[in-house]
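Coordinates from entry38.csv are shown below (CSV, C-alpha atoms).
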chain,number,residue,atom,x,y,z
A,1210,MET,CA,-14.1,-10.5,22.9
A,1211,ALA,CA,-10.9,-12.5,22.3
A,1212,LEU,CA,-8.6,-11.7,19.4
A,1213,ALA,CA,-9.6,-14.9,17.6
A,1214,GLU,CA,-13.3,-13.9,17.7
A,1215,VAL,CA,-12.6,-10.5,16.1
A,1216,LEU,CA,-10.6,-12.1,13.3
A,1217,GLN,CA,-13.3,-14.7,12.7
A,1218,GLY,CA,-15.9,-12.0,12.7
A,1219,MET,CA,-14.0,-10.1,10.0
A,1220,THR,CA,-13.6,-13.3,7.9
A,1221,ARG,CA,-17.4,-13.9,8.1
A,1222,GLU,CA,-18.1,-10.3,6.9
A,1223,LEU,CA,-15.6,-10.3,4.1
A,1224,GLY,CA,-16.0,-13.6,2.2
A,1225,ASP,CA,-13.0,-12.6,0.0
A,1226,LEU,CA,-10.6,-12.9,2.8
A,1227,MET,CA,-8.0,-15.7,2.3
A,1228,GLY,CA,-6.3,-15.1,5.6
A,1229,ILE,CA,-5.9,-12.7,8.5
A,1230,ALA,CA,-3.4,-12.4,11.3
A,1231,VAL,CA,-2.3,-10.2,14.2
A,1232,VAL,CA,1.5,-10.0,14.0
A,1233,GLY,CA,4.2,-8.6,16.3
A,1234,VAL,CA,6.7,-6.1,14.9
A,1235,ASP,CA,9.2,-8.9,15.3
A,1236,GLY,CA,7.3,-11.0,12.7
A,1237,ILE,CA,5.8,-13.5,15.1
A,1238,VAL,CA,2.1,-14.3,14.5
A,1239,VAL,CA,0.0,-13.9,17.7
A,1240,GLU,CA,-3.4,-15.0,16.2
A,1241,GLU,CA,-4.4,-16.1,12.8
A,1242,TYR,CA,-7.4,-17.3,10.8
A,1243,THR,CA,-7.2,-18.7,7.3
A,1244,ALA,CA,-9.9,-19.8,4.9
A,1245,GLY,CA,-8.7,-23.3,4.5
A,1246,GLN,CA,-6.3,-22.9,1.5
A,1247,ASN,CA,-2.6,-23.5,2.2
A,1248,ILE,CA,-2.0,-19.9,3.2
A,1249,ASP,CA,1.1,-19.5,5.3
A,1250,MET,CA,0.4,-16.5,7.6
A,1251,GLN,CA,3.7,-17.2,9.5
A,1252,SER,CA,5.8,-16.5,6.4
A,1253,LEU,CA,3.6,-13.5,5.4
A,1254,GLY,CA,4.0,-12.1,8.9
A,1255,ALA,CA,7.8,-12.5,8.9
A,1256,GLU,CA,8.2,-10.9,5.4
A,1257,TYR,CA,5.9,-8.0,6.0
A,1258,SER,CA,6.9,-7.1,9.5
A,1259,ALA,CA,10.4,-6.3,8.0
A,1260,LEU,CA,8.7,-4.2,5.3
A,1261,ILE,CA,6.5,-2.3,7.8
A,1262,LYS,CA,9.5,-1.4,9.7
A,1263,GLU,CA,11.3,-0.1,6.6
A,1264,ILE,CA,8.2,1.8,5.4
A,1265,GLY,CA,7.8,3.4,8.9
A,1266,ARG,CA,11.4,4.5,8.8
A,1267,ALA,CA,11.1,5.9,5.3
A,1268,SER,CA,7.9,7.9,6.2
A,1269,GLY,CA,9.6,9.3,9.2
A,1270,SER,CA,12.7,10.3,7.3
A,1271,LEU,CA,10.5,12.0,4.7
A,1272,SER,CA,8.5,13.9,7.4
A,1273,LEU,CA,5.3,12.3,6.3
A,1274,GLY,CA,4.2,11.5,9.9
A,1275,LYS,CA,3.1,8.2,11.3
A,1276,MET,CA,2.3,5.3,9.0
A,1277,LYS,CA,-1.3,4.1,9.3
A,1278,GLU,CA,-2.1,1.7,6.5
A,1279,ILE,CA,-0.4,-0.1,3.7
A,1280,SER,CA,-1.9,-2.0,0.7
A,1281,ILE,CA,0.0,-4.1,-1.8
A,1282,ALA,CA,-1.7,-5.4,-4.9
A,1283,THR,CA,-0.1,-8.4,-6.7
A,1284,ASP,CA,-1.4,-10.7,-9.4
A,1285,LYS,CA,-2.6,-13.2,-6.8
A,1286,ALA,CA,-3.8,-11.2,-3.8
A,1287,THR,CA,-4.2,-7.8,-2.2
A,1288,ILE,CA,-2.4,-7.5,1.1
A,1289,LEU,CA,-3.9,-4.9,3.5
A,1290,MET,CA,-2.0,-4.0,6.7
A,1291,GLY,CA,-2.8,-1.6,9.6
A,1292,GLN,CA,-0.8,-0.7,12.6
A,1293,ILE,CA,-2.7,-1.7,15.8
A,1294,ASN,CA,-0.2,-0.2,18.2
A,1295,SER,CA,3.5,0.3,18.4
A,1296,GLU,CA,4.0,-3.5,19.0
A,1297,TYR,CA,1.4,-5.2,16.7
A,1298,PHE,CA,-0.1,-4.9,13.2
A,1299,LEU,CA,-3.0,-6.6,11.4
A,1300,ILE,CA,-2.4,-8.2,8.1
A,1301,MET,CA,-5.3,-9.2,5.7
A,1302,LEU,CA,-4.9,-11.3,2.6
A,1303,ILE,CA,-7.7,-10.5,0.2
A,1304,LYS,CA,-8.5,-12.3,-3.2
A,1305,PRO,CA,-7.4,-10.1,-6.1
A,1306,GLU,CA,-10.9,-9.7,-7.3
A,1307,GLY,CA,-12.1,-9.2,-3.7
A,1308,ASN,CA,-13.8,-6.1,-2.2
A,1309,PHE,CA,-10.8,-3.9,-1.2
A,1310,GLY,CA,-13.1,-1.1,0.0
A,1311,LYS,CA,-14.9,-3.4,2.4
A,1312,GLY,CA,-11.6,-4.8,3.6
A,1313,ARG,CA,-10.4,-1.3,4.4
A,1314,PHE,CA,-13.6,-0.4,6.1
A,1315,LEU,CA,-13.4,-3.5,8.4
A,1316,LEU,CA,-9.7,-2.8,9.1
A,1317,ARG,CA,-10.5,0.7,10.3
A,1318,ARG,CA,-13.5,-0.4,12.2
A,1319,ASP,CA,-11.9,-3.3,14.0
A,1320,LEU,CA,-8.3,-2.0,14.8
A,1321,PRO,CA,-9.6,-0.3,18.0
A,1322,ARG,CA,-11.2,-3.6,19.1
A,1323,LEU,CA,-8.0,-5.5,18.5
A,1324,GLU,CA,-6.0,-2.8,20.4
A,1325,LYS,CA,-8.2,-3.4,23.4
A,1326,GLU,CA,-7.4,-7.1,23.4
A,1327,LEU,CA,-3.6,-6.6,23.2
B,1241,MET,CA,2.3,13.1,-25.7
B,1242,ALA,CA,5.4,13.7,-23.5
B,1243,LEU,CA,5.9,12.3,-20.0
B,1244,ALA,CA,5.5,15.8,-18.5
B,1245,GLU,CA,2.2,16.4,-20.2
B,1246,VAL,CA,0.7,13.1,-18.9
B,1247,LEU,CA,1.8,14.1,-15.3
B,1248,GLN,CA,0.4,17.6,-15.7
B,1249,GLY,CA,-2.9,16.2,-17.0
B,1250,MET,CA,-3.2,13.9,-14.0
B,1251,THR,CA,-2.5,16.8,-11.7
B,1252,ARG,CA,-5.2,18.8,-13.3
B,1253,GLU,CA,-7.7,16.0,-12.9
B,1254,LEU,CA,-6.8,15.2,-9.3
B,1255,GLY,CA,-6.7,18.5,-7.4
B,1256,ASP,CA,-5.6,16.7,-4.3
B,1257,LEU,CA,-2.3,15.7,-5.8
B,1258,MET,CA,0.7,17.3,-4.0
B,1259,GLY,CA,3.3,15.8,-6.3
B,1260,ILE,CA,3.8,13.1,-9.0
B,1261,ALA,CA,6.9,11.6,-10.5
B,1262,VAL,CA,8.2,8.9,-12.8
B,1263,VAL,CA,11.1,7.3,-11.0
B,1264,GLY,CA,13.7,4.7,-12.2
B,1265,VAL,CA,14.1,1.5,-10.1
B,1266,ASP,CA,17.5,3.0,-9.2
B,1267,GLY,CA,15.7,5.9,-7.4
B,1268,ILE,CA,16.4,8.6,-10.0
B,1269,VAL,CA,13.5,10.9,-10.9
B,1270,VAL,CA,13.0,11.0,-14.7
B,1271,GLU,CA,10.1,13.5,-14.7
B,1272,GLU,CA,8.2,15.2,-11.9
B,1273,TYR,CA,5.5,17.7,-11.2
B,1274,THR,CA,4.7,19.2,-7.8
B,1275,ALA,CA,1.9,21.5,-6.7
B,1276,GLY,CA,4.1,24.3,-5.5
B,1277,GLN,CA,4.6,23.3,-1.9
B,1278,ASN,CA,8.1,22.3,-0.9
B,1279,ILE,CA,7.7,18.7,-1.9
B,1280,ASP,CA,11.0,16.9,-2.5
B,1281,MET,CA,10.1,14.2,-5.1
B,1282,GLN,CA,13.8,13.3,-5.4
B,1283,SER,CA,14.0,12.1,-1.8
B,1284,LEU,CA,10.7,10.4,-2.1
B,1285,GLY,CA,11.9,8.6,-5.3
B,1286,ALA,CA,15.1,7.5,-3.6
B,1287,GLU,CA,13.4,6.2,-0.4
B,1288,TYR,CA,10.5,4.4,-2.2
B,1289,SER,CA,12.5,2.9,-5.0
B,1290,ALA,CA,14.3,0.9,-2.3
B,1291,LEU,CA,11.0,-0.1,-0.7
B,1292,ILE,CA,9.5,-1.2,-4.1
B,1293,LYS,CA,12.4,-3.5,-4.7
B,1294,GLU,CA,12.0,-5.0,-1.2
B,1295,ILE,CA,8.2,-5.4,-1.6
B,1296,GLY,CA,8.7,-7.0,-5.0
B,1297,ARG,CA,11.2,-9.4,-3.6
B,1298,ALA,CA,8.8,-10.3,-0.7
B,1299,SER,CA,5.9,-10.9,-3.0
B,1300,GLY,CA,8.0,-13.2,-5.1
B,1301,SER,CA,9.3,-15.2,-2.2
B,1302,LEU,CA,5.7,-15.6,-0.9
B,1303,SER,CA,4.5,-16.8,-4.4
B,1304,LEU,CA,2.1,-13.9,-4.6
B,1305,GLY,CA,3.1,-13.1,-8.2
B,1306,LYS,CA,4.0,-9.8,-9.7
B,1307,MET,CA,3.6,-6.6,-7.6
B,1308,LYS,CA,1.2,-4.1,-9.3
B,1309,GLU,CA,0.3,-1.3,-6.9
B,1310,ILE,CA,1.3,-0.1,-3.5
B,1311,SER,CA,-0.4,2.5,-1.3
B,1312,ILE,CA,0.9,3.9,2.0
B,1313,ALA,CA,-1.3,6.1,4.2
B,1314,THR,CA,0.4,8.3,6.7
B,1315,ASP,CA,-0.8,11.2,8.9
B,1316,LYS,CA,0.3,13.7,6.2
B,1317,ALA,CA,-0.2,12.0,2.9
B,1318,THR,CA,-1.3,9.0,0.9
B,1319,ILE,CA,1.5,7.6,-1.3
B,1320,LEU,CA,0.3,5.7,-4.3
B,1321,MET,CA,2.8,3.8,-6.5
B,1322,GLY,CA,2.4,1.7,-9.6
B,1323,GLN,CA,4.9,-0.2,-11.7
B,1324,ILE,CA,5.1,1.2,-15.3
B,1325,ASN,CA,7.5,-1.4,-16.5
B,1326,SER,CA,10.5,-3.3,-15.1
B,1327,GLU,CA,12.6,-0.1,-15.1
B,1328,TYR,CA,10.2,2.6,-14.0
B,1329,PHE,CA,7.4,3.3,-11.5
B,1330,LEU,CA,5.0,6.1,-11.0
B,1331,ILE,CA,4.7,7.7,-7.5
B,1332,MET,CA,1.8,10.0,-6.5
B,1333,LEU,CA,1.6,12.0,-3.3
B,1334,ILE,CA,-2.0,12.7,-2.4
B,1335,LYS,CA,-3.4,14.9,0.4
B,1336,PRO,CA,-4.5,12.7,3.4
B,1337,GLU,CA,-8.2,13.8,2.9
B,1338,GLY,CA,-7.8,13.5,-0.9
B,1339,ASN,CA,-9.7,11.3,-3.3
B,1340,PHE,CA,-7.8,8.0,-3.1
B,1341,GLY,CA,-10.2,6.2,-5.4
B,1342,LYS,CA,-9.8,8.8,-8.2
B,1343,GLY,CA,-6.0,8.7,-7.7
B,1344,ARG,CA,-6.1,4.9,-8.2
B,1345,PHE,CA,-8.3,5.3,-11.2
B,1346,LEU,CA,-6.0,7.8,-12.9
B,1347,LEU,CA,-3.0,5.6,-12.1
B,1348,ARG,CA,-4.5,2.6,-13.8
B,1349,ARG,CA,-5.7,4.6,-16.7
B,1350,ASP,CA,-2.4,6.4,-17.4
B,1351,LEU,CA,0.2,3.8,-16.7
B,1352,PRO,CA,-0.1,2.4,-20.2
B,1353,ARG,CA,0.3,6.0,-21.6
B,1354,LEU,CA,3.5,6.5,-19.5
B,1355,GLU,CA,4.7,3.1,-20.7
B,1356,LYS,CA,4.5,4.2,-24.3
B,1357,GLU,CA,6.6,7.3,-23.5
B,1358,LEU,CA,9.5,5.3,-21.9
Show the structure stored in the file as structure tokens.
Amino acid sequence: MALAEVLQGMTRELGDLMGIAVVGVDGIVVEEYTAGQNIDMQSLGAEYSALIKEIGRASGSLSLGKMKEISIATDKATILMGQINSEYFLIMLIKPEGNFGKGRFLLRRDLPRLEKEL
Amino acid sequence: MALAEVLQGMTRELGDLMGIAVVGVDGIVVEEYTAGQNIDMQSLGAEYSALIKEIGRASGSLSLGKMKEISIATDKATILMGQINSEYFLIMLIKPEGNFGKGRFLLRRDLPRLEKEL
């Protein structure tokens, strides 16, 4: 199954998803899927890849072990991120009133599938 | 009700809490409560205050509105953070197998109480 198919499958299952992307730790989007609105996954990938690096560094310096998942809730969206491997992460942009629990379930279920494709 | 009492009340309700603190955006801990282990809330406050600033800046530059909550899951803990007001945030350190949902519920319930005390 190609990367794009996994992302499309997740979007079908979680109607609240505004956008989803596989992003390199350098901030470059490898594959993305958006729900039509003017969602700029490239900018999201660039901004959050820098943050993920910082959060990983902070967790390490605090002896909290490896970072696995991050969620950020703002007025306009919930951003859910998971580390696929040392080179790539998944970023999901969910509507603020969306089903965060289902998003997290799909993230955990499909990270191994994405890892196989990379 | 003093800050310390709110934090102790939250710790009583969420047995999985390893530590909790009210931290200024400058990284200085105002009030903290830890569950006995050698948890260094001062270092946590300092590291995560810098991250919160970065995350707030990123959310703003992506037009995602005001940042409300952040959670970071690592091998050894889940860190849950909420903005109390523009000057202070709350940071909760929950056991990895702990009840994240209840932590988030308590955070949302008690942020207004903490705001009144600051």
Any idea which chain B residues end up within 9 Å of chain A if we count all atoms listed in the file, as a compact mmCIF listing (two decimals) with C-alpha atoms, in the frame of the given file please?
# COMPACT_ATOMS: atom_id res chain seq x y z
CA ASP B 1280 11.00 16.90 -2.50
CA SER B 1283 14.00 12.10 -1.80
CA LEU B 1284 10.70 10.40 -2.10
CA GLU B 1287 13.40 6.20 -0.40
CA TYR B 1288 10.50 4.40 -2.20
CA LEU B 1291 11.00 -0.10 -0.70
CA GLU B 1294 12.00 -5.00 -1.20
CA ILE B 1295 8.20 -5.40 -1.60
CA ALA B 1298 8.80 -10.30 -0.70
CA SER B 1299 5.90 -10.90 -3.00
CA SER B 1301 9.30 -15.20 -2.20
CA LEU B 1302 5.70 -15.60 -0.90
CA SER B 1303 4.50 -16.80 -4.40
CA LEU B 1304 2.10 -13.90 -4.60
CA GLY B 1305 3.10 -13.10 -8.20
CA LYS B 1306 4.00 -9.80 -9.70
CA MET B 1307 3.60 -6.60 -7.60
CA LYS B 1308 1.20 -4.10 -9.30
CA GLU B 1309 0.30 -1.30 -6.90
CA ILE B 1310 1.30 -0.10 -3.50
CA SER B 1311 -0.40 2.50 -1.30
CA ILE B 1312 0.90 3.90 2.00
CA ALA B 1313 -1.30 6.10 4.20
CA THR B 1314 0.40 8.30 6.70
CA ASP B 1315 -0.80 11.20 8.90
CA LYS B 1316 0.30 13.70 6.20
CA ALA B 1317 -0.20 12.00 2.90
What does the distance from atom CA of B:Thr1274 to atom CA of B:Ile1260 come to in Å, to one decimal?
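Taking atom CA of B:Thr1274 and atom CA of B:Ile1260, their separation equals 6.3 Å.
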List the neighbours of A:Val1234 out to 7 Å using all atoms listed in the file; skip same-chain residues closer than 4 positions along the sequence, and give me the result as a PDB file with C-alpha atoms, in the frame of the given file.
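After the write, part_34.pdb holds the following:
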ATOM      1  CA  SER A1258       6.900  -7.100   9.500  1.00  0.00           C
ATOM      2  CA  GLU A1296       4.000  -3.500  19.000  1.00  0.00           C
ATOM      3  CA  TYR A1297       1.400  -5.200  16.700  1.00  0.00           C
TER       4      TYR A1297
END
What does the structure give for the distance between atom CA of B:Val1263 and atom CA of B:Gly1285, in Å to one decimal?
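These atoms are spaced 5.9 Å apart.
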Rounded to one decimal in Å, what is the spacing between atom CA of B:Asn1278 and atom CA of B:Ile1334?
14.0 Å
Near-A:Leu1320 list (9 Å; only C-alpha atoms; drop same-chain fewer than 5 positions) as a PyMOL selection string:
chain A and resi 1291-1294+1298-1299+1315+1325
Go ahead and find all residues with at least one atom no further than 12 Å from (-4.0, 7.9, -23.0) in the file's coordinates, using all atoms listed in the file; report them as a JSON list (two decimals) with C-alpha atoms, in the coordinates of the input.
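Here's the written file out-v3.json:
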[["chain", "number", "residue", "atom", "x", "y", "z"],
["B", 1241, "MET", "CA", 2.30, 13.10, -25.70],
["B", 1242, "ALA", "CA", 5.40, 13.70, -23.50],
["B", 1243, "LEU", "CA", 5.90, 12.30, -20.00],
["B", 1245, "GLU", "CA", 2.20, 16.40, -20.20],
["B", 1246, "VAL", "CA", 0.70, 13.10, -18.90],
["B", 1247, "LEU", "CA", 1.80, 14.10, -15.30],
["B", 1249, "GLY", "CA", -2.90, 16.20, -17.00],
["B", 1250, "MET", "CA", -3.20, 13.90, -14.00],
["B", 1346, "LEU", "CA", -6.00, 7.80, -12.90],
["B", 1347, "LEU", "CA", -3.00, 5.60, -12.10],
["B", 1348, "ARG", "CA", -4.50, 2.60, -13.80],
["B", 1349, "ARG", "CA", -5.70, 4.60, -16.70],
["B", 1350, "ASP", "CA", -2.40, 6.40, -17.40],
["B", 1351, "LEU", "CA", 0.20, 3.80, -16.70],
["B", 1352, "PRO", "CA", -0.10, 2.40, -20.20],
["B", 1353, "ARG", "CA", 0.30, 6.00, -21.60],
["B", 1354, "LEU", "CA", 3.50, 6.50, -19.50],
["B", 1355, "GLU", "CA", 4.70, 3.10, -20.70],
["B", 1356, "LYS", "CA", 4.50, 4.20, -24.30],
["B", 1357, "GLU", "CA", 6.60, 7.30, -23.50]]
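Proximity to A:Gly1312 was assessed for A:Ala1230, A:Ile1300, A:Leu1223, A:Ile1237 counting all atoms listed in the file; the smallest distance is recorded for A:Leu1223.
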